[in-house]
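Down below is the structure, laid out as structure tokens.
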Amino acid sequence: MPMEMATATATATATTTTTITTEPKPSLLLKQRFLVSFFSTVVTATSRRDGTVNRRLFNLFDLKSPPNPKPINNVKTYDVTVDHSSHLWFRVFTPTNSSPAGRNLPIIIYFHGGGFAHFQANSRAYDELCRRLAGNVGAVVVSVDYRLAPEHRYPAQYDDGLDVLKFLDGADRGKSLPEVADLSWCFVAGDSAGGNLAHHVAVRACGAQFRQLKVVGLVGIQPFFGGEERAESEKKDIGVLRVRRTDWYWKSFLPEGCDRDHEAVNVSGPRAVDISQLNFPATIVFVGGFDVLKDWQRRYCEWLKRNGKDIYKVEYPKMVHGFYAFAEFKESDQLMSEIKNFVHNHK
């Protein structure tokens, strides 16, 4: 990102904070306001009080995109099944104009958002997002279709994430990944609940024995964390994502009887997994100024720093939760540039 658009500071633990220097004020155009309002209404209408989801109704509005072996916007896609019994699969996005002869591409293993309960890897919104990610970053993107809550509660999603890593490490490369994909140059990434998933998969990967695959970085886009205590940003409860919705998501995701200080939710809290001795990958976290989750994301960054991990934090003061899905925002383009720089500076 151009230096005139950002300020950066570094500490001895390689912690970097970047803030886009514009006066805080929520920024949504009419089109974005309509789409956000529409999907918020759909999610509310399909999320029952008992923590279940009306899948049939939600799927009427969650438009799907088929794989495209013929490139669209210089990116081609295909689907790979990991486990028929659990319906675990992923979609591969391969840029067709980003790999000079003899040069391999990094792999971004991506987990979609939706509170662990909504959307899929072939949802049109995520097909478009991952296509942009592959094309802009110059990476092979593996978008994981993990099991959804509440039909499948914790830890099913984390199990699926690690199973995909194991599959990629052990599978016949020609059948699952393009030849240009470099298994020693992998990143786990995700937005919202997918960012939470990326963190926990990274923790698990630290204890796994891989033959070729190496996780060298984590990309958390407005990751979904929380706790029993109400953070200041939750008390203000402003933006497109509201506390009543995050509470509903946690209720549908966690095992019966668990509270929000569960290690899956409050990753830096009293029950958190000790990562101080783990070879945890370098991490970049994106925070929106009008995101109800922003204080938990900042705590996460501080926790990684205290544990001596490399952490880079980028804040967009005017942005709401989910802004990255709108290519019209200049901040969405900036986010793509930040991810590209992070990925190509970590190998």
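Chain lettering (A, B, ...) mirrors the order of the structure tokens, residue numbering begins at 1 for each chain separately, and ligand numbering begins at 1 in order of display.
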Which residues of segment 131-173 of chain A have any atom within 6 Å of an atom in segment 243-260 of chain A when counting only C-alpha atoms, and what is the closest pair of atoms for each, with the distance in Å to one decimal? Order the rows by chain and rising number and write it as a Markdown table.
```
| residue | atom | partner | partner_atom | distance |
| --- | --- | --- | --- | --- |
| A:Ala149 | CA | A:Phe253 | CA | 5.4 |
| A:Pro150 | CA | A:Ser252 | CA | 4.9 |
| A:Arg153 | CA | A:Phe253 | CA | 4.9 |
| A:Tyr154 | CA | A:Leu254 | CA | 5.6 |
```
| message | Using only C-alpha atoms, which protein or nucleic acid residues come within 8 Å of segment 71-80 of chain A? Drop anything in the same chain fewer than 6 positions from it, and give the result as number ranges by chain. | response | A: 89-97, 131, 134-135, 176
For the residues selected in the previous step, produce a file with C-alpha atoms as a PDB file, in the first residue's frame.
```pdb
ATOM      1  CA  TRP A  89     -15.075 -30.848  -0.780  1.00  0.00           C
ATOM      2  CA  PHE A  90     -13.257 -27.761  -2.022  1.00  0.00           C
ATOM      3  CA  ARG A  91     -13.140 -25.534  -5.075  1.00  0.00           C
ATOM      4  CA  VAL A  92      -9.779 -24.730  -6.668  1.00  0.00           C
ATOM      5  CA  PHE A  93      -9.232 -21.278  -8.218  1.00  0.00           C
ATOM      6  CA  THR A  94      -6.223 -21.102 -10.539  1.00  0.00           C
ATOM      7  CA  PRO A  95      -5.093 -17.810 -12.122  1.00  0.00           C
ATOM      8  CA  THR A  96      -4.138 -18.286 -15.752  1.00  0.00           C
ATOM      9  CA  ASN A  97      -1.910 -15.232 -16.153  1.00  0.00           C
ATOM     10  CA  ARG A 131     -11.830 -15.529  -7.859  1.00  0.00           C
ATOM     11  CA  ALA A 134      -6.683 -15.704  -6.799  1.00  0.00           C
ATOM     12  CA  GLY A 135      -6.389 -13.161  -9.588  1.00  0.00           C
ATOM     13  CA  SER A 176      -6.266 -32.139  -6.660  1.00  0.00           C
TER      14      SER A 176
END
```
| segment 28-112 of chain A: which residues are alpha helix (DSSP H) by DSSP, as a ChimeraX atom specification? | /A:30-46,55-61
Create the file for the chosen residues now, containing C-alpha atoms and written as a PDB file, in the first residue's frame.
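Writing the result to result.pdb gives the following:
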```pdb
ATOM      1  CA  LEU A  30     -26.975   2.690  -1.939  1.00  0.00           C
ATOM      2  CA  LYS A  31     -26.283  -0.617  -3.707  1.00  0.00           C
ATOM      3  CA  GLN A  32     -24.310  -1.974  -0.777  1.00  0.00           C
ATOM      4  CA  ARG A  33     -26.950  -0.800   1.719  1.00  0.00           C
ATOM      5  CA  PHE A  34     -29.621  -2.667  -0.224  1.00  0.00           C
ATOM      6  CA  LEU A  35     -27.601  -5.890  -0.503  1.00  0.00           C
ATOM      7  CA  VAL A  36     -26.571  -5.828   3.160  1.00  0.00           C
ATOM      8  CA  SER A  37     -30.143  -5.136   4.257  1.00  0.00           C
ATOM      9  CA  PHE A  38     -31.490  -7.848   1.963  1.00  0.00           C
ATOM     10  CA  PHE A  39     -29.135 -10.569   3.179  1.00  0.00           C
ATOM     11  CA  SER A  40     -29.563  -9.495   6.797  1.00  0.00           C
ATOM     12  CA  THR A  41     -33.303  -9.960   6.365  1.00  0.00           C
ATOM     13  CA  VAL A  42     -32.782 -13.369   4.733  1.00  0.00           C
ATOM     14  CA  VAL A  43     -30.451 -14.550   7.494  1.00  0.00           C
ATOM     15  CA  THR A  44     -32.856 -13.366  10.195  1.00  0.00           C
ATOM     16  CA  ALA A  45     -35.849 -14.974   8.493  1.00  0.00           C
ATOM     17  CA  THR A  46     -34.076 -18.329   8.147  1.00  0.00           C
ATOM     18  CA  ARG A  55     -31.959 -24.459   4.900  1.00  0.00           C
ATOM     19  CA  ARG A  56     -34.572 -24.817   2.179  1.00  0.00           C
ATOM     20  CA  LEU A  57     -35.598 -21.175   2.469  1.00  0.00           C
ATOM     21  CA  PHE A  58     -32.043 -19.854   2.790  1.00  0.00           C
ATOM     22  CA  ASN A  59     -30.865 -21.780  -0.265  1.00  0.00           C
ATOM     23  CA  LEU A  60     -33.531 -20.091  -2.371  1.00  0.00           C
ATOM     24  CA  PHE A  61     -31.647 -16.821  -1.902  1.00  0.00           C
TER      25      PHE A  61
END
```
| query | Got a sec: who's within 12 Å of Ser143 of chain A, counting only C-alpha atoms, leaving out chain neighbours fewer than 2 positions off, as a PyMOL selection string? | reply | chain A and resi 67+77-81+88-94+107-113+120-123+126-131+133-134+140-141+145-146+161+164-165+187-191+194+198
| message | At a cut-off of 10 Å, using only C-alpha atoms, what residues contact Arg204 of chain A? Leave out same-chain residues fewer than 2 positions from it and give the result as a list in words. | response | Tyr158, Asp159, Gly161, Leu162, Ala198, His199, His200, Val201, Ala202, Cys206, Gly207, Ala208, Leu278 and Phe280 of chain A
Produce a table with one row for each residue of segment 244-303 of chain A that has an atom at most 9 Å from any atom of segment 214-235 of chain A, each row naming the nearest atom pair and its distance in Å at one decimal; use only C-alpha atoms; arrange rows by chain and rising residue number; format as JSON lines.
```
{"residue": "A:Thr246", "atom": "CA", "partner": "A:Phe224", "partner_atom": "CA", "distance": 8.6}
{"residue": "A:Trp250", "atom": "CA", "partner": "A:Gly226", "partner_atom": "CA", "distance": 9.0}
{"residue": "A:Asp259", "atom": "CA", "partner": "A:Glu228", "partner_atom": "CA", "distance": 7.0}
{"residue": "A:Arg260", "atom": "CA", "partner": "A:Gly227", "partner_atom": "CA", "distance": 4.6}
{"residue": "A:Asp261", "atom": "CA", "partner": "A:Gly227", "partner_atom": "CA", "distance": 4.8}
{"residue": "A:His262", "atom": "CA", "partner": "A:Gly227", "partner_atom": "CA", "distance": 7.8}
{"residue": "A:Ala264", "atom": "CA", "partner": "A:Phe225", "partner_atom": "CA", "distance": 8.1}
{"residue": "A:Val265", "atom": "CA", "partner": "A:Phe225", "partner_atom": "CA", "distance": 5.2}
{"residue": "A:Asn266", "atom": "CA", "partner": "A:Gly227", "partner_atom": "CA", "distance": 4.9}
{"residue": "A:Val267", "atom": "CA", "partner": "A:Phe225", "partner_atom": "CA", "distance": 7.1}
{"residue": "A:Gly269", "atom": "CA", "partner": "A:Gly227", "partner_atom": "CA", "distance": 7.7}
{"residue": "A:Phe280", "atom": "CA", "partner": "A:Gly217", "partner_atom": "CA", "distance": 8.4}
{"residue": "A:Pro281", "atom": "CA", "partner": "A:Gly217", "partner_atom": "CA", "distance": 4.7}
{"residue": "A:Ala282", "atom": "CA", "partner": "A:Gly217", "partner_atom": "CA", "distance": 4.8}
{"residue": "A:Thr283", "atom": "CA", "partner": "A:Leu218", "partner_atom": "CA", "distance": 4.6}
{"residue": "A:Ile284", "atom": "CA", "partner": "A:Val219", "partner_atom": "CA", "distance": 5.1}
{"residue": "A:Val285", "atom": "CA", "partner": "A:Gly220", "partner_atom": "CA", "distance": 4.7}
{"residue": "A:Phe286", "atom": "CA", "partner": "A:Ile221", "partner_atom": "CA", "distance": 4.9}
{"residue": "A:Val287", "atom": "CA", "partner": "A:Gln222", "partner_atom": "CA", "distance": 5.3}
{"residue": "A:Gly288", "atom": "CA", "partner": "A:Gln222", "partner_atom": "CA", "distance": 7.0}
{"residue": "A:Phe290", "atom": "CA", "partner": "A:Ser233", "partner_atom": "CA", "distance": 8.5}
{"residue": "A:Asp291", "atom": "CA", "partner": "A:Ser233", "partner_atom": "CA", "distance": 7.6}
{"residue": "A:Val292", "atom": "CA", "partner": "A:Ser233", "partner_atom": "CA", "distance": 5.1}
{"residue": "A:Leu293", "atom": "CA", "partner": "A:Ser233", "partner_atom": "CA", "distance": 6.7}
{"residue": "A:Lys294", "atom": "CA", "partner": "A:Ser233", "partner_atom": "CA", "distance": 6.6}
{"residue": "A:Asp295", "atom": "CA", "partner": "A:Ser233", "partner_atom": "CA", "distance": 6.0}
{"residue": "A:Trp296", "atom": "CA", "partner": "A:Phe225", "partner_atom": "CA", "distance": 5.9}
{"residue": "A:Gln297", "atom": "CA", "partner": "A:Pro223", "partner_atom": "CA", "distance": 6.6}
{"residue": "A:Tyr300", "atom": "CA", "partner": "A:Phe225", "partner_atom": "CA", "distance": 8.2}
```
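The interatomic distance for the pair atom CA of Gly289 of chain A and atom CA of Met319 of chain A works out to 5.6 Å.
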| field | Expected answer as a ChimeraX atom specification: strand (DSSP E) residues in segment 151-334 of chain A | value | /A:181-191,215-221,282-290,311-320
